[in-house]
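What follows is work33.txt (compact mmCIF, C-alpha atoms).
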```txt
# COMPACT_ATOMS: atom_id res chain seq x y z
CA MET A 1253 9.67 19.22 -4.06
CA LEU A 1254 8.64 15.86 -2.59
CA GLN A 1255 5.28 15.85 -4.37
CA ALA A 1256 4.00 13.87 -7.33
CA HIS A 1257 4.61 15.69 -10.63
CA SER A 1258 7.33 17.90 -9.08
CA PHE A 1259 10.63 18.38 -10.93
CA LEU A 1260 12.29 15.77 -8.69
CA TRP A 1261 9.49 13.29 -9.40
CA HIS A 1262 9.87 13.76 -13.19
CA TYR A 1263 13.66 13.50 -12.91
CA LEU A 1264 13.59 10.32 -10.79
CA TRP A 1265 11.10 8.65 -13.11
CA LEU A 1266 12.92 9.50 -16.34
CA ALA A 1267 16.64 9.77 -15.54
CA PRO A 1268 17.33 6.15 -14.52
CA HIS A 1269 15.63 4.89 -17.68
CA VAL A 1270 17.49 7.33 -19.92
CA LEU A 1271 20.72 6.06 -18.28
CA GLN A 1272 19.50 2.48 -18.74
CA LEU A 1273 18.87 3.13 -22.42
CA GLY A 1274 22.45 4.43 -22.75
CA LEU A 1275 23.68 1.35 -20.92
CA GLY A 1276 21.69 -0.84 -23.32
CA ILE A 1277 23.37 0.86 -26.31
CA VAL A 1278 26.83 0.29 -24.75
CA ILE A 1279 25.96 -3.38 -24.07
CA TRP A 1280 24.86 -3.75 -27.70
CA GLN A 1281 27.96 -2.03 -29.11
CA ARG A 1282 30.39 -4.04 -26.98
CA ARG A 1283 28.45 -7.27 -27.60
CA TRP A 1284 28.07 -7.94 -23.87
CA TYR A 1285 24.54 -9.17 -24.59
CA LYS A 1286 26.14 -12.51 -25.45
CA ARG A 1287 27.29 -12.87 -21.83
CA PHE A 1288 24.23 -11.25 -20.25
CA PRO A 1289 21.34 -11.86 -22.67
CA ILE A 1290 18.59 -11.70 -20.06
CA PHE A 1291 20.00 -8.56 -18.45
CA PHE A 1292 20.03 -6.92 -21.87
CA VAL A 1293 16.42 -7.92 -22.58
CA TYR A 1294 15.43 -6.76 -19.09
CA ILE A 1295 16.88 -3.25 -19.38
CA ILE A 1296 15.37 -2.71 -22.83
CA PHE A 1297 11.98 -3.98 -21.63
CA GLU A 1298 12.19 -1.79 -18.51
CA CYS A 1299 12.88 1.32 -20.66
CA VAL A 1300 9.94 0.61 -22.99
CA GLU A 1301 7.61 -0.13 -20.06
CA GLU A 1302 8.55 2.94 -18.03
CA PHE A 1303 8.49 5.37 -20.98
CA THR A 1304 5.02 4.03 -21.90
CA LEU A 1305 3.73 4.43 -18.33
CA TYR A 1306 5.28 7.91 -18.02
CA THR A 1307 3.61 9.02 -21.25
CA MET A 1308 0.27 7.58 -20.09
CA ASP A 1309 0.61 9.46 -16.79
CA VAL A 1310 1.77 12.84 -18.12
CA VAL A 1311 -0.32 12.94 -21.33
CA PRO A 1312 -3.49 11.33 -20.02
CA PHE A 1313 -5.17 9.09 -22.51
CA GLY A 1314 -7.44 6.17 -21.74
CA SER A 1315 -8.86 5.44 -18.30
CA ASP A 1316 -7.13 4.88 -14.97
CA ALA A 1317 -8.06 1.22 -15.33
CA LEU A 1318 -6.09 1.08 -18.59
CA PHE A 1319 -3.03 2.63 -16.89
CA TRP A 1320 -3.15 0.10 -14.05
CA GLY A 1321 -3.83 -2.72 -16.50
CA VAL A 1322 -0.70 -1.85 -18.49
CA PHE A 1323 1.19 -1.46 -15.20
CA ARG A 1324 0.07 -4.92 -14.09
CA VAL A 1325 0.99 -6.67 -17.34
CA GLY A 1326 4.39 -4.92 -17.34
CA LEU A 1327 4.90 -5.89 -13.72
CA ILE A 1328 4.30 -9.59 -14.42
CA ILE A 1329 6.69 -9.67 -17.41
CA GLU A 1330 9.28 -7.63 -15.50
CA GLY A 1331 9.00 -9.92 -12.46
CA LEU A 1332 9.52 -13.05 -14.57
CA LEU A 1333 12.47 -11.42 -16.35
CA LYS A 1334 14.08 -10.53 -13.02
CA ILE A 1335 13.78 -14.11 -11.79
CA ALA A 1336 15.35 -15.32 -15.07
CA LEU A 1337 18.09 -12.72 -14.56
CA ILE A 1338 18.85 -14.07 -11.08
CA ALA A 1339 19.18 -17.53 -12.67
CA GLU A 1340 21.58 -16.02 -15.22
CA LEU A 1341 23.70 -14.47 -12.44
CA PHE A 1342 23.73 -17.77 -10.55
CA ARG A 1343 24.89 -19.55 -13.70
CA HIS A 1344 27.76 -17.06 -14.01
CA LEU A 1345 28.73 -17.75 -10.41
CA VAL A 1346 28.77 -21.57 -10.45
CA SER A 1347 28.95 -22.82 -14.06
CA GLN A 1348 32.75 -22.99 -13.96
CA TRP A 1349 32.69 -25.33 -10.95
CA PRO A 1350 30.88 -28.65 -11.49
CA ALA A 1351 31.55 -29.60 -7.84
CA VAL A 1352 28.91 -27.12 -6.65
CA ALA A 1353 26.94 -26.33 -9.83
CA MET A 1354 24.42 -29.17 -9.55
CA LEU A 1355 24.01 -28.79 -5.79
CA GLY A 1356 23.57 -25.04 -6.23
CA ASN A 1357 20.96 -25.46 -8.95
CA ARG A 1358 18.96 -27.85 -6.80
CA LEU A 1359 19.22 -25.63 -3.73
CA ILE A 1360 18.23 -22.40 -5.50
CA SER A 1361 15.31 -24.17 -7.25
CA GLY A 1362 14.07 -25.61 -3.95
CA PHE A 1363 14.54 -22.31 -2.16
CA GLY A 1364 12.70 -20.53 -4.97
CA VAL A 1365 9.69 -22.84 -4.59
CA ILE A 1366 9.64 -22.24 -0.82
CA LEU A 1367 9.79 -18.47 -1.39
CA VAL A 1368 6.92 -18.58 -3.89
CA VAL A 1369 4.73 -20.52 -1.43
CA PHE A 1370 5.71 -18.17 1.40
CA ALA A 1371 5.02 -15.04 -0.70
CA ALA A 1372 1.67 -16.48 -1.85
CA LEU A 1373 0.65 -17.12 1.77
CA ILE A 1374 1.59 -13.55 2.73
CA ALA A 1375 -0.39 -12.25 -0.27
CA ALA A 1376 -3.41 -14.28 0.86
CA TYR A 1377 -3.29 -12.59 4.28
CA SER A 1378 -2.65 -9.07 2.93
CA PRO A 1379 -5.59 -6.67 3.38
CA VAL A 1380 -7.27 -4.82 0.49
CA ASP A 1381 -5.79 -1.37 1.08
CA ASN A 1382 -8.00 0.48 -1.45
CA PRO A 1383 -11.53 -1.05 -1.56
CA GLN A 1384 -12.79 1.56 -4.08
CA PHE A 1385 -10.13 0.68 -6.60
CA THR A 1386 -9.20 -2.96 -6.06
CA ILE A 1387 -6.93 -3.18 -9.12
CA VAL A 1388 -4.45 -0.85 -7.32
CA SER A 1389 -4.54 -3.03 -4.21
CA ARG A 1390 -3.91 -6.14 -6.29
CA VAL A 1391 -0.96 -4.47 -8.01
CA HIS A 1392 0.52 -3.56 -4.60
CA VAL A 1393 0.17 -7.15 -3.39
CA LEU A 1394 1.63 -8.48 -6.65
CA GLU A 1395 4.64 -6.14 -6.31
CA GLN A 1396 5.11 -7.29 -2.71
CA THR A 1397 4.94 -10.96 -3.80
CA PHE A 1398 7.51 -10.55 -6.58
CA TYR A 1399 9.93 -8.62 -4.37
CA ILE A 1400 9.75 -11.18 -1.54
CA VAL A 1401 10.82 -13.89 -4.03
CA GLN A 1402 13.52 -11.70 -5.64
CA CYS A 1403 14.94 -10.50 -2.32
CA GLY A 1404 15.13 -14.08 -1.03
CA LEU A 1405 16.79 -15.37 -4.21
CA ILE A 1406 19.38 -12.55 -4.28
CA LEU A 1407 20.14 -13.18 -0.61
CA PHE A 1408 20.60 -16.88 -1.40
CA LEU A 1409 22.88 -15.99 -4.32
CA PHE A 1410 25.22 -13.91 -2.16
CA SER A 1411 25.14 -16.38 0.76
CA PHE A 1412 25.93 -19.36 -1.48
CA GLY A 1413 28.84 -17.51 -3.11
CA ALA A 1414 30.19 -16.40 0.26
CA TYR A 1415 29.89 -19.85 1.85
CA TYR A 1416 31.85 -21.51 -0.95
CA LYS A 1417 34.20 -18.48 -1.26
CA LEU A 1418 33.36 -18.20 -4.95
CA SER A 1419 34.64 -15.19 -6.85
CA TRP A 1420 32.15 -13.09 -8.77
CA GLU A 1421 32.85 -11.83 -12.23
CA HIS A 1422 33.16 -8.01 -11.94
CA ARG A 1423 30.11 -7.13 -14.09
CA ALA A 1424 27.87 -9.92 -12.75
CA PHE A 1425 28.75 -8.77 -9.23
CA GLY A 1426 27.70 -5.19 -10.00
CA ILE A 1427 24.40 -6.32 -11.51
CA ALA A 1428 23.71 -8.52 -8.46
CA VAL A 1429 24.56 -5.74 -5.96
CA GLY A 1430 22.27 -3.28 -7.76
CA PHE A 1431 19.45 -5.80 -7.81
CA GLY A 1432 20.03 -6.71 -4.16
CA VAL A 1433 19.70 -3.09 -3.01
CA VAL A 1434 16.60 -2.41 -5.11
CA ALA A 1435 14.90 -5.72 -4.23
CA CYS A 1436 15.27 -5.17 -0.46
CA GLU A 1437 14.10 -1.53 -0.51
CA HIS A 1438 11.20 -2.27 -2.89
CA MET A 1439 10.11 -5.25 -0.78
CA ALA A 1440 9.86 -3.01 2.30
CA ALA A 1441 8.13 -0.15 0.42
CA TRP A 1442 5.55 -2.37 -1.32
CA ALA A 1443 4.86 -4.23 1.92
CA ILE A 1444 3.97 -0.89 3.55
CA MET A 1445 1.78 0.08 0.57
CA ALA A 1446 0.08 -3.32 0.42
CA SER A 1447 -0.73 -3.09 4.15
CA GLY A 1448 -2.68 0.12 3.61
CA ALA A 1449 -0.38 2.21 5.80
CA MET A 1450 0.78 5.77 4.90
CA LEU A 1451 -2.27 6.26 2.65
CA ASP A 1452 -1.77 10.05 2.47
CA LYS A 1453 2.02 9.84 2.07
CA ARG A 1454 2.31 7.24 -0.70
CA HIS A 1455 4.10 9.73 -2.94
CA LEU A 1456 7.03 9.62 -0.49
CA LEU A 1457 7.30 5.86 -0.91
CA ASP A 1458 7.08 6.30 -4.70
CA LEU A 1459 9.93 8.81 -4.57
CA LEU A 1460 11.96 6.48 -2.35
CA ASN A 1461 11.41 3.61 -4.82
CA MET A 1462 12.42 5.78 -7.76
CA ALA A 1463 15.52 7.14 -5.96
CA THR A 1464 16.63 3.61 -5.03
CA TYR A 1465 16.17 2.45 -8.61
CA HIS A 1466 18.26 5.44 -9.75
CA LEU A 1467 21.00 4.35 -7.33
CA CYS A 1468 20.74 0.79 -8.69
CA VAL A 1469 21.22 2.01 -12.29
CA LEU A 1470 24.24 4.08 -11.19
CA ILE A 1471 25.73 0.94 -9.57
CA TRP A 1472 25.23 -0.94 -12.86
CA CYS A 1473 26.83 1.91 -14.82
CA TYR A 1474 29.85 1.87 -12.50
CA TYR A 1475 30.41 -1.89 -12.65
CA LEU A 1476 29.70 -2.21 -16.37
CA LEU A 1477 31.60 0.84 -17.60
CA VAL A 1478 34.53 1.24 -15.17
CA PRO A 1479 37.20 -1.42 -15.78
CA GLN A 1480 38.04 -3.79 -12.93
CA LYS A 1481 41.22 -3.14 -10.98
CA LYS A 1482 43.62 -6.04 -11.47
CA ALA A 1483 44.24 -8.11 -8.35
CA THR A 1484 47.81 -8.83 -7.35
CA THR A 1485 47.94 -12.50 -8.24
CA SER A 1486 51.58 -13.11 -7.43
CA ALA A 1487 51.21 -11.88 -3.85
CA VAL A 1488 48.93 -14.77 -2.83
CA ALA A 1489 50.94 -17.95 -2.59
CA LEU A 1490 50.40 -21.15 -0.69
CA PRO A 1491 51.86 -21.21 2.83
CA GLU A 1492 55.54 -22.02 3.06
CA ASN A 1493 56.77 -24.85 5.19
CA ASN A 1494 59.77 -27.01 5.67
CA LEU A 1495 60.71 -28.92 2.51
CA ALA A 1496 61.60 -32.14 4.34
CA MET A 1497 58.20 -32.20 6.03
CA TRP A 1498 56.44 -31.60 2.74
CA ASN A 1499 58.38 -34.42 1.06
CA ARG A 1500 57.51 -36.81 3.86
CA GLU A 1501 53.85 -35.83 3.51
CA LEU A 1502 53.99 -36.36 -0.20
CA GLU A 1503 55.64 -39.76 0.23
CA ARG A 1504 52.94 -40.79 2.62
CA LEU A 1505 50.34 -39.61 0.15
CA LEU A 1506 51.90 -41.68 -2.62
CA GLN A 1507 52.13 -44.79 -0.45
CA ARG A 1508 48.38 -44.90 0.09
CA MET B 974 0.21 -3.79 9.52
CA ASN B 975 2.07 -6.36 11.64
CA LEU B 976 2.86 -8.33 8.49
CA ALA B 977 4.26 -5.17 6.88
CA ILE B 978 6.48 -4.50 9.91
CA VAL B 979 7.83 -8.07 9.74
CA LEU B 980 8.55 -7.67 6.00
CA VAL B 981 10.24 -4.26 6.50
CA VAL B 982 12.48 -5.70 9.23
CA ALA B 983 13.26 -8.76 7.05
CA ALA B 984 14.13 -6.47 4.12
CA ALA B 985 16.44 -4.36 6.31
CA ILE B 986 18.22 -7.48 7.59
CA ALA B 987 18.53 -8.89 4.04
CA LEU B 988 19.96 -5.57 2.79
CA GLY B 989 22.49 -5.53 5.65
CA ILE B 990 23.60 -9.10 4.88
CA ILE B 991 23.85 -8.46 1.12
CA LEU B 992 25.90 -5.28 1.61
CA ARG B 993 28.20 -6.97 4.14
CA LEU B 994 28.81 -9.93 1.82
CA ALA B 995 29.35 -7.55 -1.11
CA VAL B 996 31.97 -5.57 0.83
CA THR B 997 33.72 -8.80 1.90
CA GLN B 998 33.76 -9.98 -1.72
CA THR B 999 35.18 -6.64 -2.91
CA LEU B 1000 37.95 -6.79 -0.31
CA GLN B 1001 38.77 -10.38 -1.31
CA THR B 1002 38.92 -9.44 -5.00
CA ARG B 1003 41.30 -6.58 -4.25
CA GLY B 1004 43.55 -8.98 -2.33
CA SER B 1005 43.19 -7.13 0.96
CA VAL B 1006 42.42 -10.31 2.88
CA GLU B 1007 45.43 -12.18 4.21
CA LEU B 1008 45.33 -15.79 2.96
CA ASN B 1009 48.79 -17.08 3.71
CA GLY B 1010 48.28 -17.40 7.45
CA ALA B 1011 44.69 -18.60 7.19
CA ILE B 1012 45.47 -22.30 6.62
CA ARG B 1013 45.66 -24.32 9.81
CA PRO B 1014 47.64 -27.59 9.60
CA ILE B 1015 45.82 -30.77 10.60
CA ASP B 1016 47.13 -33.87 12.30
CA ILE B 1017 45.77 -36.33 9.76
CA GLU B 1018 46.78 -39.43 11.75
CA ALA B 1019 44.96 -38.20 14.85
CA PHE B 1020 41.92 -37.38 12.72
CA ARG B 1021 42.07 -40.81 11.07
CA ASN B 1022 42.26 -42.46 14.48
CA LEU B 1023 39.29 -40.44 15.69
CA ILE B 1024 37.04 -41.55 12.85
CA ASN B 1025 38.14 -45.19 12.85
CA PRO B 1026 34.97 -47.33 13.35
CA ALA B 1027 37.07 -50.15 14.83
CA GLU B 1028 38.02 -47.83 17.73
CA ASP B 1029 34.35 -47.13 18.37
CA HIS B 1030 33.48 -50.83 18.30
CA TYR B 1031 36.29 -51.57 20.75
CA LEU B 1032 35.11 -48.86 23.14
CA ARG B 1033 31.51 -50.04 22.82
CA ARG B 1034 32.46 -53.61 23.69
CA ASN B 1035 34.63 -52.68 26.67
CA LEU B 1036 32.85 -49.78 28.32
CA PRO B 1037 29.56 -49.61 30.21
CA PRO B 1038 26.86 -47.84 28.08
CA PRO B 1039 26.78 -44.50 30.00
CA GLN B 1040 30.56 -44.19 29.88
CA PHE B 1041 30.61 -45.17 26.19
CA ARG B 1042 28.00 -42.53 25.33
CA MET B 1043 29.99 -39.85 27.16
CA LEU B 1044 33.24 -40.84 25.46
CA ARG B 1045 31.60 -41.16 22.05
CA ARG B 1046 30.17 -37.65 22.36
CA GLU B 1047 33.58 -36.27 23.28
CA ARG B 1048 35.11 -37.99 20.26
CA LEU B 1049 32.33 -36.60 18.04
CA ARG B 1050 32.98 -33.06 19.35
CA ALA B 1051 36.68 -33.45 18.59
CA MET B 1052 35.76 -34.81 15.15
CA ALA B 1053 33.55 -31.76 14.53
CA ALA B 1054 36.46 -29.47 15.47
CA TYR B 1055 38.67 -31.23 12.92
CA VAL B 1056 36.01 -31.09 10.22
CA ARG B 1057 35.53 -27.36 10.83
CA VAL B 1058 39.27 -26.78 10.34
CA VAL B 1059 39.17 -28.88 7.14
CA SER B 1060 36.21 -26.79 5.92
CA ASN B 1061 38.06 -23.54 6.68
CA ASN B 1062 41.19 -24.78 4.89
CA ALA B 1063 39.09 -25.79 1.87
CA GLY B 1064 37.63 -22.27 1.73
CA VAL B 1065 41.11 -20.72 1.85
CA LEU B 1066 42.29 -23.07 -0.91
CA VAL B 1067 39.36 -22.01 -3.10
CA ARG B 1068 40.48 -18.37 -2.73
CA ILE B 1069 44.14 -19.25 -3.39
CA GLY B 1070 43.19 -21.33 -6.44
CA GLU B 1071 40.93 -18.61 -7.85
CA THR B 1072 43.70 -16.04 -7.47
CA ALA B 1073 46.16 -18.35 -9.24
CA LEU B 1074 43.62 -18.87 -12.05
CA ALA B 1075 44.13 -15.28 -13.18
CA SER B 1076 47.89 -15.78 -13.62
CA GLY B 1077 47.69 -16.36 -17.38
CA ASP B 1078 49.99 -19.42 -17.24
CA ALA B 1079 48.08 -22.38 -18.78
CA GLN B 1080 49.70 -25.09 -16.64
CA LEU B 1081 49.21 -23.06 -13.47
CA ALA B 1082 45.62 -22.27 -14.40
CA GLU B 1083 44.85 -25.96 -14.96
CA ALA B 1084 46.32 -26.93 -11.59
CA ALA B 1085 44.50 -24.04 -9.93
CA GLY B 1086 41.20 -25.05 -11.56
CA GLN B 1087 41.64 -28.61 -10.29
CA LEU B 1088 42.46 -27.34 -6.81
CA VAL B 1089 39.37 -25.09 -6.69
CA ASN B 1090 37.06 -27.86 -7.86
CA ASP B 1091 38.50 -30.37 -5.36
CA ALA B 1092 38.38 -27.82 -2.54
CA LEU B 1093 34.73 -26.99 -3.35
CA LEU B 1094 33.87 -30.69 -3.26
CA LEU B 1095 35.66 -31.01 0.07
CA ARG B 1096 33.78 -28.00 1.51
CA ARG B 1097 30.52 -29.56 0.37
CA ASN B 1098 31.46 -32.89 2.01
CA THR B 1099 32.40 -31.19 5.27
CA THR B 1100 28.99 -29.52 5.45
CA VAL B 1101 27.28 -32.92 5.17
CA ALA B 1102 29.79 -34.47 7.59
CA LEU B 1103 29.15 -31.76 10.20
CA ALA B 1104 25.40 -32.27 9.91
CA ARG B 1105 25.87 -36.01 10.44
CA ILE B 1106 28.18 -35.44 13.40
CA TYR B 1107 25.60 -33.23 15.12
CA LEU B 1108 23.00 -35.90 14.43
CA ALA B 1109 25.29 -38.54 15.91
CA LEU B 1110 25.76 -36.33 19.00
CA ALA B 1111 22.04 -36.74 19.67
CA TRP B 1112 22.22 -40.49 18.98
CA PRO B 1113 25.70 -41.74 19.97
CA TYR B 1114 25.05 -45.37 18.94
CA SER B 1115 24.54 -44.47 15.30
CA GLU B 1116 27.22 -45.49 12.84
CA PHE B 1117 29.10 -42.54 11.41
CA ALA B 1118 32.13 -42.43 9.16
CA ALA B 1119 33.98 -39.30 8.06
CA VAL B 1120 36.48 -41.35 6.05
CA ARG B 1121 35.47 -39.58 2.83
CA VAL B 1122 36.33 -36.22 4.34
CA VAL B 1123 39.84 -37.41 5.21
CA GLU B 1124 40.35 -39.00 1.79
CA ARG B 1125 39.09 -35.90 0.02
CA TYR B 1126 41.29 -33.72 2.23
CA GLU B 1127 44.35 -35.71 1.27
CA HIS B 1128 43.36 -35.41 -2.39
CA VAL B 1129 43.06 -31.64 -2.02
CA SER B 1130 46.43 -31.58 -0.22
CA GLY B 1131 47.92 -33.25 -3.30
CA ALA B 1132 46.35 -30.66 -5.62
CA ALA B 1133 47.58 -27.84 -3.35
CA MET B 1134 51.09 -29.31 -3.33
CA LEU B 1135 51.09 -29.42 -7.12
CA LEU B 1136 49.91 -25.84 -7.40
CA GLY B 1137 52.41 -24.68 -4.76
CA ARG B 1138 55.21 -26.42 -6.63
CA LEU B 1139 54.19 -24.78 -9.91
CA GLN B 1140 53.79 -21.37 -8.30
CA ASN B 1141 57.04 -21.45 -6.44
CA PRO B 1142 59.29 -24.50 -6.99
CA GLY B 1143 61.72 -23.39 -4.26
CA VAL B 1144 59.37 -23.64 -1.29
CA ALA B 1145 57.23 -26.36 0.19
CA VAL B 1146 53.55 -26.64 1.01
CA ARG B 1147 52.05 -28.54 3.90
CA LEU B 1148 48.44 -28.74 4.94
CA SER B 1149 48.78 -31.55 7.48
CA ALA B 1150 50.80 -31.55 10.67
CA LEU B 1151 53.26 -34.41 11.08
CA ARG B 1152 53.06 -37.04 13.72
```
Please express what this file holds, its structure, as structure tokens.
Amino acid sequence: MLQAHSFLWHYLWLAPHVLQLGLGIVIWQRRWYKRFPIFFVYIIFECVEEFTLYTMDVVPFGSDALFWGVFRVGLIIEGLLKIALIAELFRHLVSQWPAVAMLGNRLISGFGVILVVFAALIAAYSPVDNPQFTIVSRVHVLEQTFYIVQCGLILFLFSFGAYYKLSWEHRAFGIAVGFGVVACEHMAAWAIMASGAMLDKRHLLDLLNMATYHLCVLIWCYYLLVPQKKATTSAVALPENNLAMWNRELERLLQR
Amino acid sequence: MNLAIVLVVAAAIALGIILRLAVTQTLQTRGSVELNGAIRPIDIEAFRNLINPAEDHYLRRNLPPPQFRMLRRERLRAMAAYVRVVSNNAGVLVRIGETALASGDAQLAEAAGQLVNDALLLRRNTTVALARIYLALAWPYSEFAAVRVVERYEHVSGAAMLLGRLQNPGVAVRLSALR
């Protein structure tokens, strides 16, 4: 059951991407790609990449080196798309509020640079976990590097929003939560793989990664397809106080 | 392996924080968080007196240095307490303004938008002001003025009053305690 090429393994590799493809069709039909263009490109790219890799794995053609080469190229494009997607989510969060938009852009850019340097330093100190097949080791380290940056940026995104009490748009929030969960789990899993630990149980980490990604796609489906419950706007009013006191305050305000 | 353990722990902590913030955000969106009682009135005159540089100069001239440093630090701690309340109130006003934004009324939405933007600016200013206060605690002779925080707070009070009046013309809004 928990082995490579088991039914569960096939299901976890294919199902999230089939769901993602369906989600892409819905996004296209409802024209949501205008609001989330990078997310749309990302999910289509992810489907193409994963279906290609699955076919290369199940119907073996070419060498192992070709498989890992395609994997590596896909990983780099996917990583860059994810970083662009985080920027898109951040824009959704702050673009309405000029008071924090510029500060936020500067902070997230600065934090991003720090994360890249930090991740590069960690990559430099990571051991080669598979000396016979170094391309696999390099891919593991590259995955670890990308996920450190993504995890840090998503954490920043949520912290910034929470500090300034900013409200998330329903769909953007769902996309961010899905990414947050997958980025944290993948960072931990790829760090273990890149360190060379659990050499004989790597398939378990693969299954964990695939299951988490499946969960992430389900989160996206929920937030994108289930309508948001309307908040009770009339119930939240400003605090009531004595009218005479308020008038005096207002007078004092006008006198200044 | 040690590096991997550090990264796994960091990932677990990051996941915990993200999920906690996500749950808080969901509760806020559904209106489960009580906002009405969250605003704490501020004695603006006392705050203004506390940040007045003339008061500091007077104390500096008339007190021996050790006593001045002690008093200045106490004043800075009181100032920090005020600024923290201002920051909290600004956060509550952001939530109130964002809720009012969804009302559908154009005039209300405009006032709410103005309130949110002003409150965000105030929250940003309080962060800088707090950092400067903590710096001044280490170096009590440094010049420090939180006048902008007070001015911005009064501006936000005005925006909140306007929104409160539009939301409910029959009741009053007060964010500052009276003398």
**Asked** So how far away is atom CA of Ala1440 of chain A from atom CA of Leu980 of chain B, in Å?
**Response** 6.1 Å
To box segment 1022-1041 of chain B, take all atoms listed in the file, fit an axis-aligned box, add 8 Å on each side, and give centre and edge lengths in Å to one decimal, as AutoDock Vina command-line options.
```
--center_x 34.5 --center_y -47.0 --center_z 21.5 --size_x 31.5 --size_y 29.2 --size_z 33.4
```
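Comparing the minimum interatomic distances between Ile1296 of chain A and each of A:Ala1339, A:Leu1367, A:Leu1271, A:Leu1318, counting all atoms listed in the file, we find that A:Leu1271 sits nearest.
For the choices A:Trp1320, A:Phe1291, A:Tyr1474, A:Trp1261, the atom-to-atom distance to His1422 of chain A is smallest for A:Tyr1474 when using all atoms listed in the file.
If you measure from each of A:Leu1337, A:Ala1353, A:Ile1360, A:Ile1328 to Gln1396 of chain A using all atoms listed in the file, the closest one turns out to be A:Ile1328.
Compared by their closest atoms to Gln1001 of chain B, and using only C-alpha atoms, the residues A:Leu1407, A:Ala1414, A:Ala1449, A:Ile1444 rank with A:Ala1414 nearest.
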**Message:** Counting all atoms listed in the file, which residue out of B:Met1043, B:Ala1019, B:Val1089, B:Val1056 sits closest to chain A?
**Reply:** B:Val1089
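Compared by their closest atoms to chain B, and using all atoms listed in the file, the residues A:Lys1334, A:Arg1390, A:Lys1286, A:His1438 rank with A:His1438 nearest.
Going from atom CA of Leu1333 of chain A over to atom CA of Glu1301 of chain A, you cover 12.8 Å.
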Which residues are near Leu1093 of chain B? Cut-off 8 Å, all atoms listed in the file, ignore same chain within fewer than 3 positions. Put them as an mmCIF file with C-alpha atoms, in the coordinates of the input.
```cif
data_model
loop_
_atom_site.group_PDB
_atom_site.id
_atom_site.type_symbol
_atom_site.label_atom_id
_atom_site.label_comp_id
_atom_site.auth_asym_id
_atom_site.auth_seq_id
_atom_site.Cartn_x
_atom_site.Cartn_y
_atom_site.Cartn_z
ATOM 1 C CA ALA A 1351 31.550 -29.600 -7.840
ATOM 2 C CA VAL A 1352 28.910 -27.120 -6.650
ATOM 3 C CA TYR A 1416 31.850 -21.510 -0.950
ATOM 4 C CA ALA B 1063 39.090 -25.790 1.870
ATOM 5 C CA GLY B 1064 37.630 -22.270 1.730
ATOM 6 C CA VAL B 1067 39.360 -22.010 -3.100
ATOM 7 C CA VAL B 1089 39.370 -25.090 -6.690
ATOM 8 C CA ASN B 1090 37.060 -27.860 -7.860
ATOM 9 C CA ARG B 1096 33.780 -28.000 1.510
ATOM 10 C CA ARG B 1097 30.520 -29.560 0.370
#
```
**Message:** Just the number, please: distance in Å from atom CA of Leu1095 of chain B to atom CA of Leu1110 of chain B, one decimal.
**Reply:** 22.0 Å
Would you mind putting N, CA and C atoms back on segment 993-1003 of chain B and writing the result as a compact mmCIF listing (two decimals), keeping the file's coordinate frame?
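The resulting rebuild_28.txt:
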```txt
# COMPACT_ATOMS: atom_id res chain seq x y z
N ARG B 993 27.02 -6.45 3.42
CA ARG B 993 28.20 -6.97 4.14
C ARG B 993 28.94 -7.99 3.28
N LEU B 994 28.18 -8.91 2.67
CA LEU B 994 28.81 -9.93 1.82
C LEU B 994 29.45 -9.29 0.59
N ALA B 995 28.80 -8.24 0.06
CA ALA B 995 29.35 -7.55 -1.11
C ALA B 995 30.67 -6.87 -0.78
N VAL B 996 30.72 -6.23 0.41
CA VAL B 996 31.97 -5.57 0.83
C VAL B 996 33.08 -6.61 1.03
N THR B 997 32.74 -7.73 1.68
CA THR B 997 33.72 -8.80 1.90
C THR B 997 34.27 -9.30 0.57
N GLN B 998 33.36 -9.49 -0.39
CA GLN B 998 33.76 -9.98 -1.72
C GLN B 998 34.68 -8.97 -2.41
N THR B 999 34.35 -7.67 -2.28
CA THR B 999 35.18 -6.64 -2.91
C THR B 999 36.58 -6.65 -2.30
N LEU B 1000 36.64 -6.77 -0.97
CA LEU B 1000 37.95 -6.79 -0.31
C LEU B 1000 38.76 -8.00 -0.74
N GLN B 1001 38.08 -9.15 -0.87
CA GLN B 1001 38.77 -10.38 -1.31
C GLN B 1001 39.31 -10.20 -2.72
N THR B 1002 38.50 -9.61 -3.60
CA THR B 1002 38.92 -9.44 -5.00
C THR B 1002 40.14 -8.53 -5.09
N ARG B 1003 40.17 -7.51 -4.22
CA ARG B 1003 41.30 -6.58 -4.25
C ARG B 1003 42.52 -7.13 -3.51
```
